[in-house]
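Here is structure-v3.cif, consisting of mmCIF, C-alpha atoms:
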data_work
loop_
_atom_site.label_atom_id
_atom_site.label_comp_id
_atom_site.auth_asym_id
_atom_site.auth_seq_id
_atom_site.Cartn_x
_atom_site.Cartn_y
_atom_site.Cartn_z
CA MET A 1 108.12 47.89 46.20
CA ILE A 2 111.08 50.22 46.72
CA ILE A 3 109.07 53.10 45.29
CA GLN A 4 106.24 52.30 47.71
CA THR A 5 108.67 52.21 50.63
CA LYS A 6 110.08 55.60 49.65
CA LYS A 7 106.57 57.04 49.44
CA TYR A 8 105.82 55.57 52.85
CA ILE A 9 108.93 57.20 54.41
CA TYR A 10 108.20 60.56 52.75
CA THR A 11 104.61 60.42 54.01
CA LEU A 12 105.83 59.73 57.55
CA LEU A 13 108.32 62.59 57.31
CA LEU A 14 105.58 64.95 56.13
CA LEU A 15 103.31 63.85 59.00
CA PHE A 16 106.11 64.40 61.50
CA ILE A 17 106.80 67.89 60.13
CA LEU A 18 103.08 68.74 60.35
CA PHE A 19 102.92 67.40 63.90
CA PHE A 20 106.02 69.38 64.90
CA ILE A 21 104.51 72.57 63.45
CA ALA A 22 101.31 71.90 65.43
CA TYR A 23 103.44 71.34 68.54
CA ILE A 24 105.23 74.69 68.10
CA VAL A 25 101.95 76.52 67.42
CA LEU A 26 100.28 75.04 70.50
CA LEU A 27 103.30 75.70 72.70
CA GLU A 28 103.83 79.28 71.56
CA ASN A 29 100.30 80.50 70.84
CA TYR A 30 98.43 78.68 73.57
CA ILE A 31 100.65 77.79 76.51
CA PHE A 32 103.46 80.38 76.41
CA ASN A 33 101.15 83.23 75.37
CA SER A 34 98.64 82.26 78.07
CA GLU A 35 101.41 82.23 80.69
CA LYS A 36 102.83 85.57 79.55
CA SER A 37 99.41 87.21 79.21
CA TYR A 38 98.27 86.13 82.66
CA THR A 39 101.51 86.97 84.49
CA ASN A 40 101.79 90.33 82.70
CA ALA A 41 98.16 91.09 83.58
CA VAL A 42 98.91 90.39 87.25
CA LYS A 43 102.01 92.61 87.08
CA ASP A 44 99.89 95.41 85.64
CA GLU A 45 97.27 94.89 88.34
CA ILE A 46 99.88 95.08 91.11
CA GLN A 47 101.37 98.27 89.67
CA THR A 48 97.87 99.75 89.38
CA LEU A 49 97.02 98.82 92.97
CA ILE A 50 100.29 100.32 94.23
CA HIS A 51 99.72 103.53 92.28
CA GLN A 52 96.12 103.76 93.50
CA LYS A 53 97.11 103.16 97.13
CA GLU A 54 99.80 105.83 96.91
CA LEU A 55 97.28 108.28 95.42
CA ASP A 56 94.59 107.40 97.98
CA THR A 57 97.05 107.84 100.85
CA PHE A 58 97.79 111.34 99.57
CA MET A 59 94.08 112.11 99.06
CA ILE A 60 93.37 111.23 102.70
CA ALA A 61 95.95 113.81 103.78
CA LYS A 62 94.55 116.34 101.30
CA ASN A 63 91.01 115.92 102.64
CA LEU A 64 92.05 116.07 106.30
CA ALA A 65 94.15 119.18 105.70
CA LYS A 66 90.91 121.07 104.89
CA ASP A 67 89.21 120.10 108.16
CA LYS A 68 88.18 123.32 109.93
CA LYS A 69 88.46 121.79 113.42
CA LEU A 70 92.04 120.71 112.73
CA ILE A 71 92.95 124.14 111.33
CA GLN A 72 91.46 125.95 114.34
CA ALA A 73 93.27 123.66 116.79
CA LEU A 74 96.60 124.44 115.09
CA GLU A 75 95.86 128.16 115.00
CA LYS A 76 94.97 128.21 118.72
CA LYS A 77 97.71 125.71 119.57
CA GLU A 78 95.13 123.48 121.25
CA TYR A 79 96.92 120.26 120.37
CA LYS A 80 95.22 118.12 123.02
CA GLN A 81 92.03 118.31 120.95
CA PHE A 82 93.62 115.97 118.43
CA TYR A 83 93.25 113.15 120.94
CA THR A 84 89.59 113.76 121.75
CA SER A 85 87.07 111.21 120.50
CA ASN A 86 86.29 111.38 116.76
CA PHE A 87 88.21 114.65 116.36
CA ILE A 88 89.94 113.31 113.24
CA THR A 89 87.46 111.50 110.99
CA LEU A 90 88.54 109.67 107.85
CA PRO A 91 86.60 110.27 104.64
CA GLN A 92 84.04 107.49 104.06
CA GLU A 93 85.57 106.25 100.79
CA TYR A 94 88.88 105.42 102.50
CA LEU A 95 87.49 103.34 105.35
CA LYS A 96 88.24 100.23 103.26
CA TYR A 97 91.90 100.66 104.22
CA HIS A 98 93.02 99.38 107.60
CA ASN A 99 95.84 100.58 109.85
CA ILE A 100 95.94 104.13 108.48
CA ARG A 101 98.38 106.21 110.52
CA ILE A 102 98.18 109.99 110.87
CA HIS A 103 100.99 112.33 111.88
CA ILE A 104 100.59 116.09 112.44
CA VAL A 105 103.52 118.53 112.70
CA ASP A 106 103.08 122.22 113.54
CA GLN A 107 104.58 125.21 111.69
CA TYR A 108 107.77 125.02 113.79
CA GLY A 109 108.43 121.37 113.00
CA LYS A 110 107.19 120.08 116.37
CA GLN A 111 105.30 116.80 116.46
CA ARG A 112 101.75 117.37 117.75
CA TYR A 113 99.85 114.18 116.95
CA PHE A 114 100.46 110.49 116.33
CA SER A 115 97.46 108.26 115.75
CA TRP A 116 99.36 105.28 117.17
CA THR A 117 101.20 106.73 120.19
CA LYS A 118 101.68 109.78 122.42
CA LYS A 119 105.42 109.33 122.65
CA ASP A 120 107.76 112.11 121.42
CA LEU A 121 105.02 114.74 121.25
CA GLY A 122 106.52 118.23 121.02
CA LYS A 123 109.80 116.87 119.67
CA ASP A 124 111.45 118.61 116.72
CA VAL A 125 111.01 116.22 113.77
CA LEU A 126 113.00 118.29 111.26
CA THR A 127 116.32 117.19 112.73
CA ALA A 128 115.48 113.54 112.04
CA ARG A 129 113.51 113.83 108.79
CA ASP A 130 115.46 115.12 105.79
CA ASP A 131 112.37 115.02 103.59
CA LEU A 132 110.37 117.26 105.95
CA ARG A 133 113.27 119.64 106.47
CA ILE A 134 113.45 120.23 102.72
CA LEU A 135 109.65 120.42 102.44
CA TYR A 136 109.40 123.05 105.20
CA LYS A 137 111.61 125.40 103.18
CA HIS A 138 109.11 125.28 100.31
CA PRO A 139 105.84 123.70 101.60
CA ARG A 140 104.10 121.64 98.94
CA PRO A 141 101.94 118.52 98.60
CA MET A 142 103.95 115.32 98.34
CA HIS A 143 103.38 111.57 98.11
CA SER A 144 105.89 108.75 98.04
CA ILE A 145 106.76 105.18 98.99
CA SER A 146 109.60 104.94 101.47
CA VAL A 147 111.22 102.80 104.14
CA GLY A 148 111.12 104.24 107.64
CA LYS A 149 112.00 102.87 111.04
CA PHE A 150 108.78 100.83 111.13
CA SER A 151 108.25 99.42 107.65
CA LEU A 152 107.77 100.05 103.96
CA ALA A 153 104.94 102.55 103.67
CA PHE A 154 102.94 104.85 101.46
CA LYS A 155 103.16 108.45 102.61
CA GLY A 156 100.99 111.40 101.71
CA ILE A 157 101.93 114.84 103.00
CA MET A 158 99.76 117.94 102.73
CA PRO A 159 100.58 121.44 104.03
CA ILE A 160 97.91 122.98 106.28
CA TYR A 161 97.03 126.63 105.83
CA GLY A 162 94.95 128.93 108.01
CA LYS A 163 93.67 132.45 107.55
CA ASN A 164 95.47 134.62 105.00
CA HIS A 165 97.11 131.49 103.69
CA LYS A 166 99.30 131.22 106.76
CA PHE A 167 101.36 128.00 106.94
CA LEU A 168 100.33 126.07 110.08
CA GLY A 169 102.19 122.79 109.56
CA ILE A 170 101.68 119.51 107.74
CA ILE A 171 99.53 116.42 108.03
CA GLU A 172 101.08 113.14 107.01
CA THR A 173 99.12 109.96 106.33
CA ILE A 174 100.82 106.58 106.29
CA THR A 175 99.44 103.32 104.91
CA PHE A 176 100.89 99.89 104.23
CA PHE A 177 100.76 97.09 101.67
CA ASN A 178 98.49 94.67 103.52
CA SER A 179 95.31 95.82 101.76
CA ILE A 180 96.93 95.13 98.37
CA ALA A 181 97.91 91.62 99.49
CA ASP A 182 94.36 91.03 100.76
CA SER A 183 92.90 92.20 97.44
CA LEU A 184 95.12 89.85 95.40
CA GLU A 185 94.42 86.93 97.73
CA LYS A 186 90.80 86.97 96.51
CA SER A 187 92.14 86.02 93.05
CA SER A 188 94.26 83.13 94.45
CA ILE A 189 97.42 85.24 94.31
CA ALA A 190 99.70 85.02 97.34
CA SER A 191 101.99 87.96 98.18
CA ALA A 192 105.32 88.68 99.80
CA VAL A 193 106.37 92.32 100.21
CA VAL A 194 110.16 92.26 100.63
CA ILE A 195 112.13 95.30 101.84
CA ASP A 196 115.64 95.45 100.39
CA LYS A 197 118.37 94.37 102.79
CA LYS A 198 120.18 97.72 102.46
CA PHE A 199 117.49 99.11 104.81
CA TYR A 200 118.11 96.46 107.47
CA THR A 201 119.63 98.93 109.96
CA ARG A 202 116.99 101.59 109.27
CA LEU A 203 114.20 99.32 110.49
CA LYS A 204 114.69 100.03 114.19
CA TYR A 205 111.14 99.10 115.22
CA PRO A 206 109.91 96.83 112.41
CA ILE A 207 106.20 96.08 112.41
CA SER A 208 107.01 92.70 110.90
CA LYS A 209 109.65 90.76 112.80
CA THR A 210 110.21 88.35 109.89
CA PHE A 211 113.64 88.61 108.24
CA ILE A 212 115.19 86.33 105.61
CA SER A 213 118.88 87.01 104.83
CA ASN A 214 118.41 90.56 106.17
CA TYR A 215 115.40 91.12 103.89
CA ASN A 216 112.34 92.16 105.86
CA ILE A 217 109.02 90.54 104.90
CA ALA A 218 106.80 93.58 105.34
CA ASN A 219 103.32 92.06 105.01
CA ILE A 220 102.27 90.44 108.27
CA ASN A 221 99.56 88.30 106.67
CA ILE A 222 101.95 86.35 104.41
CA GLU A 223 100.91 82.73 103.78
CA LYS A 224 102.96 80.19 105.70
CA ASN A 225 103.77 78.05 102.66
CA ILE A 226 105.14 81.10 100.80
CA LEU A 227 107.22 82.12 103.81
CA SER A 228 108.53 78.56 104.04
CA LEU A 229 109.41 78.60 100.34
CA LEU A 230 111.33 81.88 100.65
CA SER A 231 113.14 80.55 103.72
CA LYS A 232 114.21 77.29 102.08
CA GLU A 233 115.09 78.67 98.65
CA ASN A 234 117.52 81.46 97.81
CA ILE A 235 115.40 84.60 98.16
CA ASP A 236 117.70 86.51 95.78
CA TYR A 237 116.67 84.03 93.07
CA PHE A 238 113.11 85.32 93.31
CA LEU A 239 114.12 88.99 93.53
CA ARG A 240 116.23 88.75 90.35
CA ASN A 241 113.28 87.31 88.44
CA LYS A 242 112.79 89.42 85.27
CA SER A 243 109.74 87.68 83.82
CA TYR A 244 108.28 84.69 85.65
CA HIS A 245 109.26 81.22 86.73
CA TYR A 246 107.30 78.17 87.77
CA ILE A 247 107.24 76.62 91.22
CA VAL A 248 105.98 73.06 91.49
CA ASN A 249 103.93 71.96 94.47
CA ASN A 250 105.32 68.94 96.30
CA ASN A 251 107.89 68.47 93.50
CA SER A 252 105.21 66.80 91.39
CA TYR A 253 103.59 67.81 88.11
CA LEU A 254 100.45 66.08 89.30
CA GLU A 255 99.82 69.07 91.54
CA SER A 256 99.02 72.62 90.44
CA GLY A 257 101.91 74.95 91.13
CA TYR A 258 102.55 78.71 91.08
CA TYR A 259 103.92 81.26 88.66
CA ALA A 260 106.25 83.57 90.61
CA ILE A 261 106.62 87.18 89.41
CA THR A 262 108.51 90.14 90.83
CA VAL A 263 107.48 93.80 90.70
CA PRO A 264 110.19 96.24 91.89
CA ILE A 265 109.01 99.05 94.18
CA HIS A 266 110.71 102.43 93.76
CA ASN A 267 110.94 105.53 95.93
CA ILE A 268 110.56 109.13 94.77
CA THR A 269 114.07 109.09 93.24
CA GLN A 270 113.35 105.82 91.37
CA GLN A 271 115.67 103.82 93.62
CA THR A 272 114.55 100.21 94.13
CA ILE A 273 113.70 99.94 97.80
CA ALA A 274 111.55 96.81 97.88
CA TYR A 275 109.98 94.05 95.81
CA TYR A 276 106.44 92.80 95.48
CA LEU A 277 106.56 89.03 94.97
CA ALA A 278 103.34 87.51 93.67
CA PHE A 279 102.69 83.78 93.51
CA ILE A 280 99.92 83.04 91.00
CA LYS A 281 98.03 79.77 91.27
CA ASP A 282 98.20 77.78 88.03
CA LYS A 283 94.45 77.17 88.01
CA ASN A 284 94.39 76.24 84.29
CA TYR A 285 97.16 73.64 84.73
CA LEU A 286 99.15 75.22 81.89
CA MET A 287 102.44 73.73 83.05
CA GLN A 288 100.95 70.23 83.14
CA LYS A 289 99.67 70.75 79.60
CA GLU A 290 103.14 71.90 78.55
CA VAL A 291 104.74 68.80 80.08
CA LEU A 292 102.11 66.59 78.42
CA LEU A 293 102.80 68.26 75.07
CA HIS A 294 106.54 67.63 75.46
CA LEU A 295 105.83 64.01 76.35
CA VAL A 296 103.58 63.49 73.32
CA LEU A 297 106.29 64.96 71.07
CA PHE A 298 108.91 62.70 72.64
CA LEU A 299 106.77 59.56 72.22
CA PHE A 300 105.78 60.51 68.68
CA SER A 301 109.46 61.11 67.84
CA LEU A 302 110.38 57.67 69.19
CA LEU A 303 107.56 56.08 67.20
CA PHE A 304 108.57 57.97 64.06
CA LEU A 305 112.22 56.92 64.39
CA ASP A 306 111.21 53.33 65.04
CA ILE A 307 108.95 53.21 61.96
CA VAL A 308 111.59 54.92 59.80
CA TYR A 309 114.17 52.41 61.03
CA LEU A 310 111.91 49.47 60.12
CA ALA A 311 111.07 51.07 56.76
CA LEU A 312 114.74 51.62 55.96
CA LYS A 313 115.51 48.08 57.05
CA GLU A 314 112.81 46.78 54.70
CA TYR A 315 114.07 49.11 51.99
CA LYS A 316 117.62 47.70 52.28
CA LYS A 317 116.24 44.18 52.32
CA ASN A 318 114.25 44.82 49.10
CA LEU A 319 117.21 46.56 47.53
CA LYS A 320 119.41 43.54 48.29
CA LEU A 321 116.76 41.22 46.84
CA ILE A 322 116.58 43.29 43.65
CA GLU A 323 120.37 43.29 43.37
CA ASN A 324 120.40 39.49 43.73
CA LEU A 325 117.67 39.11 41.13
CA ASP A 326 119.49 41.47 38.79
CA HIS A 327 122.68 39.51 39.26
CA GLU A 328 120.81 36.23 38.61
CA VAL A 329 119.17 37.62 35.47
CA LYS A 330 122.52 38.80 34.12
CA LYS A 331 124.01 35.42 34.88
CA GLN A 332 121.16 33.63 33.06
CA ILE A 333 121.53 35.95 30.07
CA GLU A 334 125.27 35.31 29.86
CA GLU A 335 124.74 31.53 30.01
CA LYS A 336 122.05 31.60 27.33
CA THR A 337 124.20 33.84 25.17
CA LYS A 338 127.04 31.31 25.40
CA LEU A 339 124.70 28.46 24.46
CA LEU A 340 123.43 30.37 21.44
CA TYR A 341 126.96 31.07 20.40
CA ILE A 342 127.95 27.37 20.71
CA ASP A 343 124.83 26.28 18.77
CA SER A 344 125.59 28.74 15.98
CA LYS A 345 129.13 27.27 15.67
CA ASN A 346 127.85 23.77 15.29
#
Please re-express this file's structure in structure tokens.
Amino acid sequence: MIIQTKKYIYTLLLLFILFFIAYIVLLENYIFNSEKSYTNAVKDEIQTLIHQKELDTFMIAKNLAKDKKLIQALEKKEYKQFYTSNFITLPQEYLKYHNIRIHIVDQYGKQRYFSWTKKDLGKDVLTARDDLRILYKHPRPMHSISVGKFSLAFKGIMPIYGKNHKFLGIIETITFFNSIADSLEKSSIASAVVIDKKFYTRLKYPISKTFISNYNIANINIEKNILSLLSKENIDYFLRNKSYHYIVNNNSYLESGYYAITVPIHNITQQTIAYYLAFIKDKNYLMQKEVLLHLVLFLFSLLFLDIVYLALKEYKKNLKLIENLDHEVKKQIEEKTKLLYIDSKN
């Protein structure tokens, strides 16, 4: 019976080890890998969208810089033509982007066209723009992501040349992050574009009036629940996020939550100037499955310990019974030995 009890305990131990291995395999290979794969894929997609938007912004400037009407207007100094109807026409393939801003500066550094205002026309821009002052010394194509007095923006700058390769000025195109946020929203991914607080004073006329702890939320179409989350929680906690973390809806695992990831945004000198926060809907309920797996392991562990306890208790009981029987047998043998000895004497 003791041997059977030992076999029973060893079998239970083997089953528990096998179950624990299955638990680790499921957790690592299914849940954790699925989480990492999906969040990394979204990170890659965001970086691709940012790179593509930066390139497209530059390509708009490059295409417009070849426009013969624009070149002639700069050569003849007929700057009022810029404001005539349909004088500046965007290439068809870039009409998908909204709120594209265009800025034209002549060869002397004077501002000649703003697509969004007529203020400050004729003003020398080189005194206020270090990047353009450097560029005017050695005119060249340039694209970047930077923080200006309005917002975080993509900028594409292209020199404009006339006859005999004469430098006539530059055309600058400016776009924003809203189209990227709109694109990700179609995949149930909410976005928050956060400008670093070190640029708080630079944003003199911010397009977005939303600030959290001096961080500007650049995308105007941010979801209200995400904005509420960033307002209530410590926003720096999200910005320091190196991989991903899970946010539970309504503080309940019965609801599908979000995986929060952070993609740093760098300028031309690789300085971090902003952060793209993405909140990915847990449509596959991976976190709930992880919690369920932990719960099953916990319950199985309790059951295993309970059975082992009962088995050990039975083992001790049987061991005590055997000891008593052994003691009784020895006692009987001693008594019979004494009787035999007495009989042999008589």
List the neighbours of Ile46 (chain A) out to 10 Å using only C-alpha atoms; skip same-chain residues closer than 3 positions along the sequence, and give me the result as an mmCIF file with C-alpha atoms, keeping the file's coordinate frame.
data_model
loop_
_atom_site.group_PDB
_atom_site.id
_atom_site.type_symbol
_atom_site.label_atom_id
_atom_site.label_comp_id
_atom_site.auth_asym_id
_atom_site.auth_seq_id
_atom_site.Cartn_x
_atom_site.Cartn_y
_atom_site.Cartn_z
ATOM 1 C CA ASN A 40 101.790 90.330 82.700
ATOM 2 C CA ALA A 41 98.160 91.090 83.580
ATOM 3 C CA VAL A 42 98.910 90.390 87.250
ATOM 4 C CA LYS A 43 102.010 92.610 87.080
ATOM 5 C CA LEU A 49 97.020 98.820 92.970
ATOM 6 C CA ILE A 50 100.290 100.320 94.230
ATOM 7 C CA HIS A 51 99.720 103.530 92.280
ATOM 8 C CA GLN A 52 96.120 103.760 93.500
ATOM 9 C CA ILE A 180 96.930 95.130 98.370
ATOM 10 C CA ALA A 181 97.910 91.620 99.490
ATOM 11 C CA SER A 183 92.900 92.200 97.440
ATOM 12 C CA LEU A 184 95.120 89.850 95.400
ATOM 13 C CA THR A 262 108.510 90.140 90.830
ATOM 14 C CA VAL A 263 107.480 93.800 90.700
ATOM 15 C CA TYR A 276 106.440 92.800 95.480
ATOM 16 C CA LEU A 277 106.560 89.030 94.970
ATOM 17 C CA ALA A 278 103.340 87.510 93.670
#
Item to complete: Report the distance between CA of Arg240 (chain A) and CA of Ile280 (chain A) in Å, rounded to one decimal place.
Response: 17.3 Å
Practice prompt. Show me as an MDAnalysis selection string the residues that reach within 7 Å of (113.8, 97.2, 106.2), counting all atoms listed in the file and using the file's own coordinates.
Written response: chainID A and resid 147 151 195:197 199:200 202:203 215:216
Practice prompt. Just the residues within 12 Å of Thr210 (chain A), please, counting only C-alpha atoms, with nothing from its chain fewer than 2 positions along; format it as a count of residues only.
Written response: 26
Once you count only C-alpha atoms, what closest atom pair and distance in Å to one decimal does each residue of region 141-185 of chain A within 12 Å of region 77-93 of chain A have, with rows by chain and rising residue number, as JSON lines?
{"residue": "A:Leu168", "atom": "CA", "partner": "A:Lys77", "partner_atom": "CA", "distance": 9.9}
{"residue": "A:Gly169", "atom": "CA", "partner": "A:Lys77", "partner_atom": "CA", "distance": 11.3}
{"residue": "A:Ile171", "atom": "CA", "partner": "A:Ile88", "partner_atom": "CA", "distance": 11.3}
{"residue": "A:Thr173", "atom": "CA", "partner": "A:Leu90", "partner_atom": "CA", "distance": 10.7}
Worksheet item: Got a sec: who's within 6 Å of region 123-129 of chain A, counting all atoms listed in the file, leaving out chain neighbours fewer than 2 positions off, as an NGL selection string?
Response: :A and (109-111 or 120-121 or 131-133)
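If you look at CA of Gly148 (chain A) and CA of Thr201 (chain A), they are 10.3 Å away from each other.
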Practice prompt. Have a look at CA of Lys69 (chain A) and CA of Glu172 (chain A) and let me know their distance in Å, one decimal.
Written response: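 These two atoms are separated by 16.6 Å.
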